[in-house]
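J.: Structure below; questions to follow.
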Amino acid sequence: MATVSLREEATDLLQRLIRLDTVNPPGNETLAAELLREYLAASGVDAELYAKVPERANLVARIPGRGEGPSLLLLSHTDTVLADAAEWQLDPWSGELRDGEIWGRGALDMKGQVAANAVAIASLARDGFEPEGDLIFAATADEEVGEDFGLSWLCREHPDVVRAEYCVNEGAGDRIDFGGGRVFYLCSAAEKMSSPFRLRVYGRSGHASMPGIGDNALVKAAPLIERLADYRPEPRLEAEVAGFMRALVGRDVSADEALELARGVHPLAAELVEPLLGLTLSPTVISASQKRNVIPALCELICDCRLLPSQSHEEAESVLREILGPGDYELEWIEGQGGTRSPLDTPLWQAIESFVSAEEPEAKAVPMCLAGFTDSHWLREAFGTVAYGFFPLRTMDPEVAARLVHSADERIAVEDLELGVRFLRHVAKEIGG
Ligand SMILES: [Zn+2]
């Protein structure tokens, strides 16, 4: 091992992880868990597999702490979304190294970070690192679908193995150059809540040849859908977005001026900020009559809805009632996931800041809220863990990376993989050292 650089070690491990098909569904994450167990064992790190069903194992490993400080969890998931090989230039499960990039499904989301986490803890173990608190590595199943085989299940059934004061997870870390010396590494400290709802619009059926005899629920739904799509929230600034804006324009800004100011700096800044100023509504699924010649008595719409971390269902519902007005409909929430945050004034934040300024003195770590959500919310809800999404990406253009996630030709620059290992080792030493 001593002759192999951490860069080569991470590259090799990522290639091997990509070559295991862990597309979820069905997942088969045990393949990755077993590979990681074997990899970690070679550096003397013991790992356990925890599985609700045998083929969907989670792996947890640790360097035990001296019991004098906080624990740090390096969290990742080993499942991926599917890949249609016909859309790719290279086989999505090849793990091919080409022009300094490793190609394959999961390279960015998130087998790259799995590999970097594993190399960080394995190399620290080889260095004889003895942290004050436990350094924990968890590579979990089922993040992409979320049917309770992964972190949600671990937090409930094996809370002692994943409980941690601090956690580094996926979600952000991209380096963005907004021009004018504004070079930021985004760190996600909060996430919106995914909270879709069903709208049932009622009418009366009838033969479609005589439109006048029925009351067409599909047609009645149309103006409601338009009203949902036209909704623009009263802007509100969450703490993380306020922090981002302060870094962007150099002063405190009001919610009303945030979007314009962001647009004035860079279109990408506006793109980032816009969905974070309020709840968003995207009608996505609709069903009505199953027969061409029958006027539907019922039209069902599913609307994707994302709430701010500070927003409740009650508040959102009163907004929706106002948008939709009175009518023959019922509104039903389907689920709510995410919508949590961690404070910014923490040793983990300082560790991220000090990494960024050591790597690139002119750059700055800035907070962000995610429009989507990650597994971090399980830890925040179960243990009050301070969890951030941060995996630094510097070599690959962040707009390119964003387009490759869950899409064709996903790949990661080896430089970024190595940067990630460096970051994780730094954080582990700052928190545990
Ligand atoms: Zn992911």
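Please note that chains go A, B, ... in the order of the structure tokens, that every chain numbers its residues from 1, and that ligands are numbered from 1 in the order shown.
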Can I get the residues close to ligand 1 as an mmCIF file with all heavy atoms, in the first residue's frame, where close means within 12 Å and we count only C-alpha atoms and all ligand atoms?
T.:
```
data_model
loop_
_atom_site.group_PDB
_atom_site.id
_atom_site.type_symbol
_atom_site.label_atom_id
_atom_site.label_comp_id
_atom_site.auth_asym_id
_atom_site.auth_seq_id
_atom_site.Cartn_x
_atom_site.Cartn_y
_atom_site.Cartn_z
ATOM 1 N N ASN A 24 -30.747 1.237 -8.198
ATOM 2 C CA ASN A 24 -31.891 1.106 -7.291
ATOM 3 C C ASN A 24 -33.136 1.649 -7.961
ATOM 4 O O ASN A 24 -33.154 2.834 -8.311
ATOM 5 C CB ASN A 24 -31.578 1.912 -6.013
ATOM 6 C CG ASN A 24 -32.652 1.779 -4.967
ATOM 7 O OD1 ASN A 24 -33.566 0.979 -5.100
ATOM 8 N ND2 ASN A 24 -32.558 2.591 -3.935
ATOM 9 N N LEU A 75 -20.645 10.061 5.798
ATOM 10 C CA LEU A 75 -21.828 9.339 5.301
ATOM 11 C C LEU A 75 -21.855 9.321 3.773
ATOM 12 O O LEU A 75 -21.514 10.314 3.122
ATOM 13 C CB LEU A 75 -23.094 10.035 5.822
ATOM 14 C CG LEU A 75 -24.437 9.457 5.359
ATOM 15 C CD1 LEU A 75 -24.648 8.039 5.881
ATOM 16 C CD2 LEU A 75 -25.590 10.370 5.792
ATOM 17 N N SER A 76 -22.295 8.197 3.239
ATOM 18 C CA SER A 76 -22.488 8.109 1.785
ATOM 19 C C SER A 76 -23.507 7.017 1.500
ATOM 20 O O SER A 76 -23.842 6.231 2.376
ATOM 21 C CB SER A 76 -21.165 7.775 1.093
ATOM 22 O OG SER A 76 -20.647 6.553 1.596
ATOM 23 N N HIS A 77 -23.980 6.988 0.262
ATOM 24 C CA HIS A 77 -24.867 5.889 -0.151
ATOM 25 C C HIS A 77 -24.262 5.185 -1.355
ATOM 26 O O HIS A 77 -23.598 5.810 -2.188
ATOM 27 C CB HIS A 77 -26.288 6.385 -0.444
ATOM 28 C CG HIS A 77 -26.419 7.348 -1.596
ATOM 29 N ND1 HIS A 77 -26.493 6.929 -2.912
ATOM 30 C CD2 HIS A 77 -26.496 8.696 -1.636
ATOM 31 C CE1 HIS A 77 -26.622 7.995 -3.705
ATOM 32 N NE2 HIS A 77 -26.615 9.080 -2.960
ATOM 33 N N THR A 78 -24.517 3.874 -1.423
ATOM 34 C CA THR A 78 -23.888 3.072 -2.478
ATOM 35 C C THR A 78 -24.832 2.748 -3.628
ATOM 36 O O THR A 78 -24.391 2.190 -4.630
ATOM 37 C CB THR A 78 -23.364 1.742 -1.896
ATOM 38 O OG1 THR A 78 -24.446 1.100 -1.213
ATOM 39 C CG2 THR A 78 -22.209 1.972 -0.933
ATOM 40 N N ASP A 79 -26.119 3.063 -3.480
ATOM 41 C CA ASP A 79 -27.023 2.811 -4.608
ATOM 42 C C ASP A 79 -26.923 3.954 -5.617
ATOM 43 O O ASP A 79 -26.423 5.033 -5.295
ATOM 44 C CB ASP A 79 -28.472 2.640 -4.124
ATOM 45 C CG ASP A 79 -29.024 3.882 -3.426
ATOM 46 O OD1 ASP A 79 -28.266 4.525 -2.667
ATOM 47 O OD2 ASP A 79 -30.204 4.217 -3.636
ATOM 48 N N THR A 80 -27.374 3.678 -6.822
ATOM 49 C CA THR A 80 -27.389 4.712 -7.867
ATOM 50 C C THR A 80 -28.761 4.703 -8.551
ATOM 51 O O THR A 80 -29.543 3.775 -8.375
ATOM 52 C CB THR A 80 -26.334 4.453 -8.967
ATOM 53 O OG1 THR A 80 -26.767 3.328 -9.758
ATOM 54 C CG2 THR A 80 -24.962 4.175 -8.385
ATOM 55 N N VAL A 81 -28.992 5.734 -9.359
ATOM 56 C CA VAL A 81 -30.161 5.688 -10.245
ATOM 57 C C VAL A 81 -29.789 4.857 -11.469
ATOM 58 O O VAL A 81 -28.619 4.509 -11.668
ATOM 59 C CB VAL A 81 -30.631 7.100 -10.671
ATOM 60 C CG1 VAL A 81 -31.115 7.871 -9.459
ATOM 61 C CG2 VAL A 81 -29.531 7.850 -11.398
ATOM 62 N N ARG A 105 -21.845 5.301 -13.900
ATOM 63 C CA ARG A 105 -22.995 5.665 -13.077
ATOM 64 C C ARG A 105 -22.581 5.700 -11.613
ATOM 65 O O ARG A 105 -21.982 4.745 -11.109
ATOM 66 C CB ARG A 105 -24.132 4.655 -13.301
ATOM 67 C CG ARG A 105 -25.314 4.864 -12.396
ATOM 68 C CD ARG A 105 -25.873 6.310 -12.425
ATOM 69 N NE ARG A 105 -26.816 6.571 -13.490
ATOM 70 C CZ ARG A 105 -26.794 7.676 -14.262
ATOM 71 N NH1 ARG A 105 -25.862 8.599 -14.107
ATOM 72 N NH2 ARG A 105 -27.694 7.855 -15.194
ATOM 73 N N GLY A 106 -22.842 6.811 -10.969
ATOM 74 C CA GLY A 106 -22.519 6.972 -9.564
ATOM 75 C C GLY A 106 -21.211 7.704 -9.316
ATOM 76 O O GLY A 106 -20.886 8.007 -8.175
ATOM 77 N N ALA A 107 -20.468 8.025 -10.385
ATOM 78 C CA ALA A 107 -19.161 8.678 -10.191
ATOM 79 C C ALA A 107 -19.320 9.943 -9.342
ATOM 80 O O ALA A 107 -18.524 10.207 -8.437
ATOM 81 C CB ALA A 107 -18.537 9.009 -11.544
ATOM 82 N N LEU A 108 -20.372 10.723 -9.624
ATOM 83 C CA LEU A 108 -20.639 11.936 -8.838
ATOM 84 C C LEU A 108 -21.659 11.671 -7.734
ATOM 85 O O LEU A 108 -21.566 12.251 -6.648
ATOM 86 C CB LEU A 108 -21.163 13.050 -9.755
ATOM 87 C CG LEU A 108 -20.145 13.663 -10.742
ATOM 88 C CD1 LEU A 108 -20.875 14.478 -11.796
ATOM 89 C CD2 LEU A 108 -19.134 14.535 -10.014
ATOM 90 N N ASP A 109 -22.643 10.864 -8.017
ATOM 91 C CA ASP A 109 -23.739 10.642 -7.059
ATOM 92 C C ASP A 109 -23.882 9.160 -6.784
ATOM 93 O O ASP A 109 -24.661 8.493 -7.430
ATOM 94 C CB ASP A 109 -25.039 11.226 -7.620
ATOM 95 C CG ASP A 109 -26.188 11.095 -6.650
ATOM 96 O OD1 ASP A 109 -25.950 10.786 -5.466
ATOM 97 O OD2 ASP A 109 -27.340 11.274 -7.085
ATOM 98 N N MET A 110 -23.170 8.663 -5.743
ATOM 99 C CA MET A 110 -22.099 9.336 -5.058
ATOM 100 C C MET A 110 -20.982 8.377 -4.720
ATOM 101 O O MET A 110 -20.386 8.415 -3.670
ATOM 102 C CB MET A 110 -22.628 10.076 -3.803
ATOM 103 C CG MET A 110 -23.109 9.175 -2.698
ATOM 104 S SD MET A 110 -23.602 10.033 -1.162
ATOM 105 C CE MET A 110 -22.136 10.710 -0.465
ATOM 106 N N LYS A 111 -20.704 7.448 -5.649
ATOM 107 C CA LYS A 111 -19.637 6.477 -5.376
ATOM 108 C C LYS A 111 -18.267 7.152 -5.275
ATOM 109 O O LYS A 111 -17.363 6.620 -4.632
ATOM 110 C CB LYS A 111 -19.648 5.375 -6.430
ATOM 111 C CG LYS A 111 -20.821 4.414 -6.247
ATOM 112 C CD LYS A 111 -20.874 3.329 -7.305
ATOM 113 C CE LYS A 111 -21.947 2.302 -6.939
ATOM 114 N NZ LYS A 111 -22.147 1.288 -8.001
ATOM 115 N N GLY A 112 -18.127 8.314 -5.904
ATOM 116 C CA GLY A 112 -16.874 9.058 -5.759
ATOM 117 C C GLY A 112 -16.630 9.419 -4.302
ATOM 118 O O GLY A 112 -15.533 9.232 -3.756
ATOM 119 N N GLN A 113 -17.673 9.924 -3.658
ATOM 120 C CA GLN A 113 -17.537 10.296 -2.248
ATOM 121 C C GLN A 113 -17.443 9.047 -1.356
ATOM 122 O O GLN A 113 -16.744 9.062 -0.349
ATOM 123 C CB GLN A 113 -18.723 11.182 -1.817
ATOM 124 C CG GLN A 113 -18.495 11.909 -0.500
ATOM 125 C CD GLN A 113 -19.521 13.022 -0.265
ATOM 126 O OE1 GLN A 113 -20.230 13.422 -1.176
ATOM 127 N NE2 GLN A 113 -19.592 13.518 0.961
ATOM 128 N N VAL A 114 -18.123 7.958 -1.744
ATOM 129 C CA VAL A 114 -17.966 6.682 -1.022
ATOM 130 C C VAL A 114 -16.490 6.298 -0.997
ATOM 131 O O VAL A 114 -15.913 5.996 0.054
ATOM 132 C CB VAL A 114 -18.775 5.542 -1.699
ATOM 133 C CG1 VAL A 114 -18.477 4.201 -1.031
ATOM 134 C CG2 VAL A 114 -20.270 5.819 -1.707
ATOM 135 N N ALA A 139 -21.634 3.542 4.652
ATOM 136 C CA ALA A 139 -22.014 3.499 3.235
ATOM 137 C C ALA A 139 -23.357 2.784 3.196
ATOM 138 O O ALA A 139 -23.435 1.574 3.427
ATOM 139 C CB ALA A 139 -20.955 2.754 2.430
ATOM 140 N N THR A 140 -24.404 3.545 2.962
ATOM 141 C CA THR A 140 -25.753 3.022 3.179
ATOM 142 C C THR A 140 -26.451 2.695 1.868
ATOM 143 O O THR A 140 -26.057 3.156 0.799
ATOM 144 C CB THR A 140 -26.598 4.035 3.964
ATOM 145 O OG1 THR A 140 -26.713 5.236 3.209
ATOM 146 C CG2 THR A 140 -25.974 4.340 5.307
ATOM 147 N N ALA A 141 -27.507 1.916 2.005
ATOM 148 C CA ALA A 141 -28.312 1.501 0.854
ATOM 149 C C ALA A 141 -29.464 2.488 0.649
ATOM 150 O O ALA A 141 -29.764 3.322 1.505
ATOM 151 C CB ALA A 141 -28.871 0.095 1.118
ATOM 152 N N ASP A 142 -30.064 2.392 -0.511
ATOM 153 C CA ASP A 142 -31.424 2.906 -0.717
ATOM 154 C C ASP A 142 -31.638 4.392 -0.436
ATOM 155 O O ASP A 142 -32.657 4.767 0.133
ATOM 156 C CB ASP A 142 -32.404 2.088 0.145
ATOM 157 C CG ASP A 142 -33.850 2.321 -0.269
ATOM 158 O OD1 ASP A 142 -34.079 2.544 -1.467
ATOM 159 O OD2 ASP A 142 -34.727 2.302 0.603
ATOM 160 N N GLU A 143 -30.707 5.219 -0.868
ATOM 161 C CA GLU A 143 -30.964 6.664 -0.747
ATOM 162 C C GLU A 143 -31.846 7.139 -1.890
ATOM 163 O O GLU A 143 -32.684 8.016 -1.713
ATOM 164 C CB GLU A 143 -29.640 7.436 -0.745
ATOM 165 C CG GLU A 143 -29.779 8.907 -0.343
ATOM 166 C CD GLU A 143 -30.128 9.843 -1.485
ATOM 167 O OE1 GLU A 143 -29.954 9.470 -2.661
ATOM 168 O OE2 GLU A 143 -30.585 10.965 -1.203
ATOM 169 N N GLU A 144 -31.647 6.562 -3.077
ATOM 170 C CA GLU A 144 -32.295 7.116 -4.271
ATOM 171 C C GLU A 144 -33.800 6.860 -4.309
ATOM 172 O O GLU A 144 -34.540 7.657 -4.867
ATOM 173 C CB GLU A 144 -31.634 6.551 -5.547
ATOM 174 C CG GLU A 144 -30.156 6.931 -5.703
ATOM 175 C CD GLU A 144 -29.931 8.414 -5.994
ATOM 176 O OE1 GLU A 144 -30.931 9.155 -6.136
ATOM 177 O OE2 GLU A 144 -28.765 8.835 -6.062
ATOM 178 N N VAL A 145 -34.228 5.731 -3.742
ATOM 179 C CA VAL A 145 -35.662 5.445 -3.729
ATOM 180 C C VAL A 145 -36.235 5.726 -2.341
ATOM 181 O O VAL A 145 -37.279 6.360 -2.204
ATOM 182 C CB VAL A 145 -35.959 3.995 -4.167
ATOM 183 C CG1 VAL A 145 -37.452 3.700 -4.080
ATOM 184 C CG2 VAL A 145 -35.457 3.761 -5.589
ATOM 185 N N GLY A 146 -35.533 5.281 -1.304
ATOM 186 C CA GLY A 146 -35.985 5.595 0.047
ATOM 187 C C GLY A 146 -37.158 4.747 0.508
ATOM 188 O O GLY A 146 -38.195 5.267 0.905
ATOM 189 N N ASN A 169 -21.879 14.765 4.512
ATOM 190 C CA ASN A 169 -22.671 13.983 3.567
ATOM 191 C C ASN A 169 -22.580 14.637 2.195
ATOM 192 O O ASN A 169 -21.857 15.619 2.008
ATOM 193 C CB ASN A 169 -24.121 13.922 4.084
ATOM 194 C CG ASN A 169 -25.021 12.997 3.280
ATOM 195 O OD1 ASN A 169 -24.553 12.115 2.548
ATOM 196 N ND2 ASN A 169 -26.328 13.183 3.407
ATOM 197 N N GLU A 170 -23.340 14.114 1.244
ATOM 198 C CA GLU A 170 -23.415 14.711 -0.089
ATOM 199 C C GLU A 170 -24.295 15.959 -0.062
ATOM 200 O O GLU A 170 -24.915 16.274 0.944
ATOM 201 C CB GLU A 170 -24.026 13.696 -1.063
ATOM 202 C CG GLU A 170 -25.475 13.363 -0.724
ATOM 203 C CD GLU A 170 -26.133 12.404 -1.704
ATOM 204 O OE1 GLU A 170 -25.709 12.329 -2.861
ATOM 205 O OE2 GLU A 170 -27.093 11.736 -1.305
ATOM 206 N N GLY A 171 -24.367 16.632 -1.184
ATOM 207 C CA GLY A 171 -25.326 17.728 -1.324
ATOM 208 C C GLY A 171 -24.745 18.998 -1.914
ATOM 209 O O GLY A 171 -25.422 19.722 -2.626
ATOM 210 N N ALA A 172 -23.482 19.285 -1.621
ATOM 211 C CA ALA A 172 -22.869 20.496 -2.170
ATOM 212 C C ALA A 172 -21.354 20.335 -2.108
ATOM 213 O O ALA A 172 -20.849 19.238 -1.894
ATOM 214 C CB ALA A 172 -23.333 21.726 -1.414
ATOM 215 N N GLY A 372 -33.540 20.367 -3.014
ATOM 216 C CA GLY A 372 -33.938 18.980 -2.802
ATOM 217 C C GLY A 372 -33.578 18.555 -1.392
ATOM 218 O O GLY A 372 -33.422 19.399 -0.511
ATOM 219 N N PHE A 373 -33.453 17.232 -1.165
ATOM 220 C CA PHE A 373 -33.048 16.789 0.166
ATOM 221 C C PHE A 373 -32.186 15.546 0.066
ATOM 222 O O PHE A 373 -32.155 14.873 -0.967
ATOM 223 C CB PHE A 373 -34.257 16.549 1.069
ATOM 224 C CG PHE A 373 -35.111 15.371 0.670
ATOM 225 C CD1 PHE A 373 -34.912 14.134 1.257
ATOM 226 C CD2 PHE A 373 -36.099 15.500 -0.294
ATOM 227 C CE1 PHE A 373 -35.686 13.039 0.885
ATOM 228 C CE2 PHE A 373 -36.883 14.411 -0.678
ATOM 229 C CZ PHE A 373 -36.672 13.177 -0.080
ATOM 230 N N THR A 374 -31.452 15.268 1.128
ATOM 231 C CA THR A 374 -30.570 14.103 1.188
ATOM 232 C C THR A 374 -30.912 13.297 2.447
ATOM 233 O O THR A 374 -31.828 13.652 3.196
ATOM 234 C CB THR A 374 -29.091 14.523 1.302
ATOM 235 O OG1 THR A 374 -28.887 15.105 2.601
ATOM 236 C CG2 THR A 374 -28.708 15.537 0.239
ATOM 237 N N ASP A 375 -30.114 12.267 2.701
ATOM 238 C CA ASP A 375 -30.310 11.460 3.910
ATOM 239 C C ASP A 375 -29.949 12.220 5.196
ATOM 240 O O ASP A 375 -30.218 11.716 6.288
ATOM 241 C CB ASP A 375 -29.452 10.189 3.833
ATOM 242 C CG ASP A 375 -30.218 9.021 3.202
ATOM 243 O OD1 ASP A 375 -31.441 9.131 3.032
ATOM 244 O OD2 ASP A 375 -29.573 7.991 2.899
ATOM 245 N N SER A 376 -29.346 13.387 5.091
ATOM 246 C CA SER A 376 -28.941 14.124 6.298
ATOM 247 C C SER A 376 -30.101 14.332 7.272
ATOM 248 O O SER A 376 -29.898 14.385 8.485
ATOM 249 C CB SER A 376 -28.375 15.500 5.919
ATOM 250 O OG SER A 376 -27.137 15.359 5.261
ATOM 251 N N GLY A 389 -23.739 19.054 3.771
ATOM 252 C CA GLY A 389 -23.430 18.449 2.478
ATOM 253 C C GLY A 389 -22.221 19.159 1.896
ATOM 254 O O GLY A 389 -22.307 20.348 1.570
ATOM 255 N N PHE A 390 -21.094 18.450 1.821
ATOM 256 C CA PHE A 390 -19.901 19.087 1.273
ATOM 257 C C PHE A 390 -18.941 18.047 0.716
ATOM 258 O O PHE A 390 -18.436 17.195 1.445
ATOM 259 C CB PHE A 390 -19.187 19.917 2.346
ATOM 260 C CG PHE A 390 -18.146 20.851 1.774
ATOM 261 C CD1 PHE A 390 -18.509 22.090 1.272
ATOM 262 C CD2 PHE A 390 -16.814 20.477 1.710
ATOM 263 C CE1 PHE A 390 -17.559 22.948 0.723
ATOM 264 C CE2 PHE A 390 -15.854 21.325 1.162
ATOM 265 C CZ PHE A 390 -16.227 22.569 0.672
ATOM 266 N N PHE A 391 -18.714 18.110 -0.572
ATOM 267 C CA PHE A 391 -17.663 17.319 -1.216
ATOM 268 C C PHE A 391 -17.077 18.231 -2.290
ATOM 269 O O PHE A 391 -17.743 18.531 -3.282
ATOM 270 C CB PHE A 391 -18.229 16.039 -1.826
ATOM 271 C CG PHE A 391 -17.159 15.091 -2.292
ATOM 272 C CD1 PHE A 391 -16.397 14.381 -1.370
ATOM 273 C CD2 PHE A 391 -16.897 14.913 -3.639
ATOM 274 C CE1 PHE A 391 -15.400 13.508 -1.792
ATOM 275 C CE2 PHE A 391 -15.911 14.041 -4.069
ATOM 276 C CZ PHE A 391 -15.164 13.336 -3.137
ATOM 277 N N VAL A 405 -25.257 14.566 -13.166
ATOM 278 C CA VAL A 405 -25.856 13.791 -12.075
ATOM 279 C C VAL A 405 -27.212 13.240 -12.533
ATOM 280 O O VAL A 405 -28.017 13.975 -13.092
ATOM 281 C CB VAL A 405 -26.020 14.672 -10.818
ATOM 282 C CG1 VAL A 405 -26.863 13.971 -9.767
ATOM 283 C CG2 VAL A 405 -24.648 15.017 -10.244
ATOM 284 N N HIS A 406 -27.426 11.954 -12.329
ATOM 285 C CA HIS A 406 -28.659 11.266 -12.755
ATOM 286 C C HIS A 406 -28.830 11.305 -14.272
ATOM 287 O O HIS A 406 -29.941 11.123 -14.774
ATOM 288 C CB HIS A 406 -29.913 11.857 -12.090
ATOM 289 C CG HIS A 406 -30.007 11.570 -10.621
ATOM 290 N ND1 HIS A 406 -31.197 11.543 -9.937
ATOM 291 C CD2 HIS A 406 -29.058 11.287 -9.702
ATOM 292 C CE1 HIS A 406 -30.984 11.270 -8.657
ATOM 293 N NE2 HIS A 406 -29.680 11.109 -8.493
#
```
J.: Within 8 Å of Ser94 in chain A, counting only C-alpha atoms, which residues qualify if same-chain residues fewer than 6 places away don't, as a VMD selection string?
T.: chain A and resid 15 18 to 19 103 to 104
J.: Please compute the CA of Leu324 in chain A-CA of Pro283 in chain A distance, one decimal, in Å.
T.: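 Between these atoms lies a distance of 13.2 Å.
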J.: Would you mind telling me which residue in A:Gly65, A:Gly173, A:Gly264, A:Gly243 lies nearest to Leu393 in chain A when using only C-alpha atoms?
T.: A:Gly173
J.: I'd like the contact shell of Asp99 in chain A - 12 Å cut-off, only C-alpha atoms, skipping same-chain residues fewer than 2 positions apart - returned as a list in words.
T.: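 Once the nearby chain positions are removed, what remains is Glu96, Leu97, Glu101, Ile102, Trp103, Arg411, Ile412, Ala413, Val414 and Glu415 of chain A.
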J.: May I have all residues of range 177-233 of chain A that DSSP, computed from the backbone, assigns to helix (DSSP H, G or I), given as JSON, numbers by chain?
T.: {"A": [211, 212, 213, 217, 218, 219, 220, 221, 222, 223, 224, 225, 226, 227, 228, 229, 230]}
J.: For the selection just defined, write its residues with N, CA, C and O atoms to a file, as a CSV table (one decimal), in the first residue's frame.
T.:
```
chain,number,residue,atom,x,y,z
A,211,PRO,N,-71.5,16.7,-24.3
A,211,PRO,CA,-70.7,17.4,-23.2
A,211,PRO,C,-71.6,18.1,-22.2
A,211,PRO,O,-71.3,18.2,-21.0
A,212,GLY,N,-72.8,18.6,-22.6
A,212,GLY,CA,-73.6,19.4,-21.7
A,212,GLY,C,-74.2,18.6,-20.6
A,212,GLY,O,-74.6,19.2,-19.6
A,213,ILE,N,-74.3,17.2,-20.7
A,213,ILE,CA,-75.0,16.5,-19.7
A,213,ILE,C,-74.0,16.2,-18.5
A,213,ILE,O,-74.5,15.8,-17.4
A,217,ALA,N,-64.6,16.9,-14.9
A,217,ALA,CA,-63.6,17.2,-13.8
A,217,ALA,C,-62.3,17.6,-14.4
A,217,ALA,O,-61.5,18.4,-13.8
A,218,LEU,N,-61.9,17.0,-15.5
A,218,LEU,CA,-60.6,17.3,-16.1
A,218,LEU,C,-60.6,18.8,-16.5
A,218,LEU,O,-59.6,19.5,-16.3
A,219,VAL,N,-61.7,19.3,-17.1
A,219,VAL,CA,-61.8,20.7,-17.6
A,219,VAL,C,-61.8,21.6,-16.3
A,219,VAL,O,-61.2,22.7,-16.3
A,220,LYS,N,-62.5,21.2,-15.3
A,220,LYS,CA,-62.5,22.0,-14.0
A,220,LYS,C,-61.1,22.1,-13.4
A,220,LYS,O,-60.8,23.0,-12.7
A,221,ALA,N,-60.3,21.0,-13.6
A,221,ALA,CA,-58.9,21.0,-13.0
A,221,ALA,C,-58.0,22.0,-13.7
A,221,ALA,O,-57.1,22.5,-13.1
A,222,ALA,N,-58.3,22.2,-15.0
A,222,ALA,CA,-57.4,23.0,-15.8
A,222,ALA,C,-57.1,24.4,-15.2
A,222,ALA,O,-55.9,24.8,-15.0
A,223,PRO,N,-58.1,25.2,-14.8
A,223,PRO,CA,-57.7,26.5,-14.3
A,223,PRO,C,-57.0,26.4,-12.9
A,223,PRO,O,-56.2,27.3,-12.6
A,224,LEU,N,-57.3,25.3,-12.2
A,224,LEU,CA,-56.6,25.2,-10.9
A,224,LEU,C,-55.1,24.9,-11.1
A,224,LEU,O,-54.3,25.4,-10.4
A,225,ILE,N,-54.8,24.1,-12.1
A,225,ILE,CA,-53.4,23.8,-12.5
A,225,ILE,C,-52.7,25.1,-12.9
A,225,ILE,O,-51.6,25.3,-12.5
A,226,GLU,N,-53.4,25.9,-13.7
A,226,GLU,CA,-52.8,27.1,-14.1
A,226,GLU,C,-52.5,28.0,-12.9
A,226,GLU,O,-51.4,28.7,-12.8
A,227,ARG,N,-53.4,28.0,-12.0
A,227,ARG,CA,-53.2,28.9,-10.8
A,227,ARG,C,-52.0,28.4,-10.0
A,227,ARG,O,-51.2,29.2,-9.5
A,228,LEU,N,-51.9,27.1,-9.8
A,228,LEU,CA,-50.7,26.5,-9.1
A,228,LEU,C,-49.4,26.9,-9.8
A,228,LEU,O,-48.4,27.3,-9.2
A,229,ALA,N,-49.4,26.8,-11.2
A,229,ALA,CA,-48.2,27.0,-11.9
A,229,ALA,C,-47.8,28.5,-11.9
A,229,ALA,O,-46.7,28.9,-12.0
A,230,ASP,N,-48.9,29.4,-11.8
A,230,ASP,CA,-48.6,30.8,-11.8
A,230,ASP,C,-48.2,31.4,-10.5
A,230,ASP,O,-47.8,32.6,-10.4
```
J.: If you count only C-alpha atoms, which residues fall within 6 Å of range 329-336 of chain A, apart from same-chain ones fewer than 2 positions away, as a PDB file with C-alpha atoms, in the first residue's frame?
T.:
```pdb
ATOM      1  CA  SER A 194     -40.375  17.621  -0.259  1.00  0.00           C
ATOM      2  CA  SER A 195     -44.074  17.688   0.418  1.00  0.00           C
ATOM      3  CA  PRO A 196     -46.194  16.658  -2.555  1.00  0.00           C
ATOM      4  CA  PHE A 197     -49.972  16.751  -2.424  1.00  0.00           C
ATOM      5  CA  ARG A 198     -52.888  15.241  -4.293  1.00  0.00           C
ATOM      6  CA  LEU A 199     -55.697  17.382  -5.607  1.00  0.00           C
ATOM      7  CA  ARG A 200     -58.987  15.604  -6.333  1.00  0.00           C
ATOM      8  CA  VAL A 201     -61.295  17.641  -8.504  1.00  0.00           C
ATOM      9  CA  TYR A 202     -64.888  16.440  -8.654  1.00  0.00           C
ATOM     10  CA  GLY A 327     -64.311  24.806  -5.601  1.00  0.00           C
TER      11      GLY A 327
END
```
J.: Would you kindly return, as JSON, numbers by chain, each protein, DNA or RNA residue with an atom no farther than 9 Å from any atom of Ser254 in chain A, considering only C-alpha atoms and excluding same-chain residues fewer than 4 positions away?
T.: {"A": [236, 237, 242, 258]}
J.: Give me the residues near Ala138 in chain A as a PyMOL selection string, where near means some atom within 8 Å (using only C-alpha atoms) and where sequence neighbours in that chain fewer than 4 positions away do not count.
T.: chain A and resi 58-61+73-77+162
J.: List every residue of range 228-280 of chain A that has an atom at most 12 Å from any atom of range 356-370 of chain A, and for each one report the closest atom pair and its distance in Å to one decimal, counting only C-alpha atoms, with rows sorted by chain and then by increasing residue number, as CSV.
T.:
```
residue,atom,partner,partner_atom,distance
A:Leu237,CA,A:Cys369,CA,10.6
A:Glu238,CA,A:Cys369,CA,8.1
A:Ala239,CA,A:Pro367,CA,8.8
A:Glu240,CA,A:Met368,CA,5.1
A:Val241,CA,A:Met368,CA,5.9
A:Ala242,CA,A:Pro367,CA,8.8
A:Gly243,CA,A:Pro367,CA,6.2
A:Phe244,CA,A:Pro367,CA,5.7
A:Met245,CA,A:Val366,CA,9.2
A:Arg246,CA,A:Val366,CA,9.4
A:Ala247,CA,A:Val366,CA,7.0
A:Leu248,CA,A:Val366,CA,9.1
A:Ala269,CA,A:Met368,CA,11.3
A:Leu272,CA,A:Leu370,CA,8.9
A:Val273,CA,A:Cys369,CA,9.0
A:Glu274,CA,A:Cys369,CA,11.4
A:Pro275,CA,A:Leu370,CA,9.2
A:Leu276,CA,A:Cys369,CA,7.1
A:Leu277,CA,A:Cys369,CA,10.2
A:Gly278,CA,A:Cys369,CA,11.8
```
J.: Determine, counting only C-alpha atoms, which protein, DNA and RNA residues have an atom within 12 Å of an atom of range 52-54 of chain A; residues of the same chain fewer than 6 positions away are not included. Present the result as number ranges by chain.
T.: A: 26-31, 33-34, 140-142, 147-154, 156-158
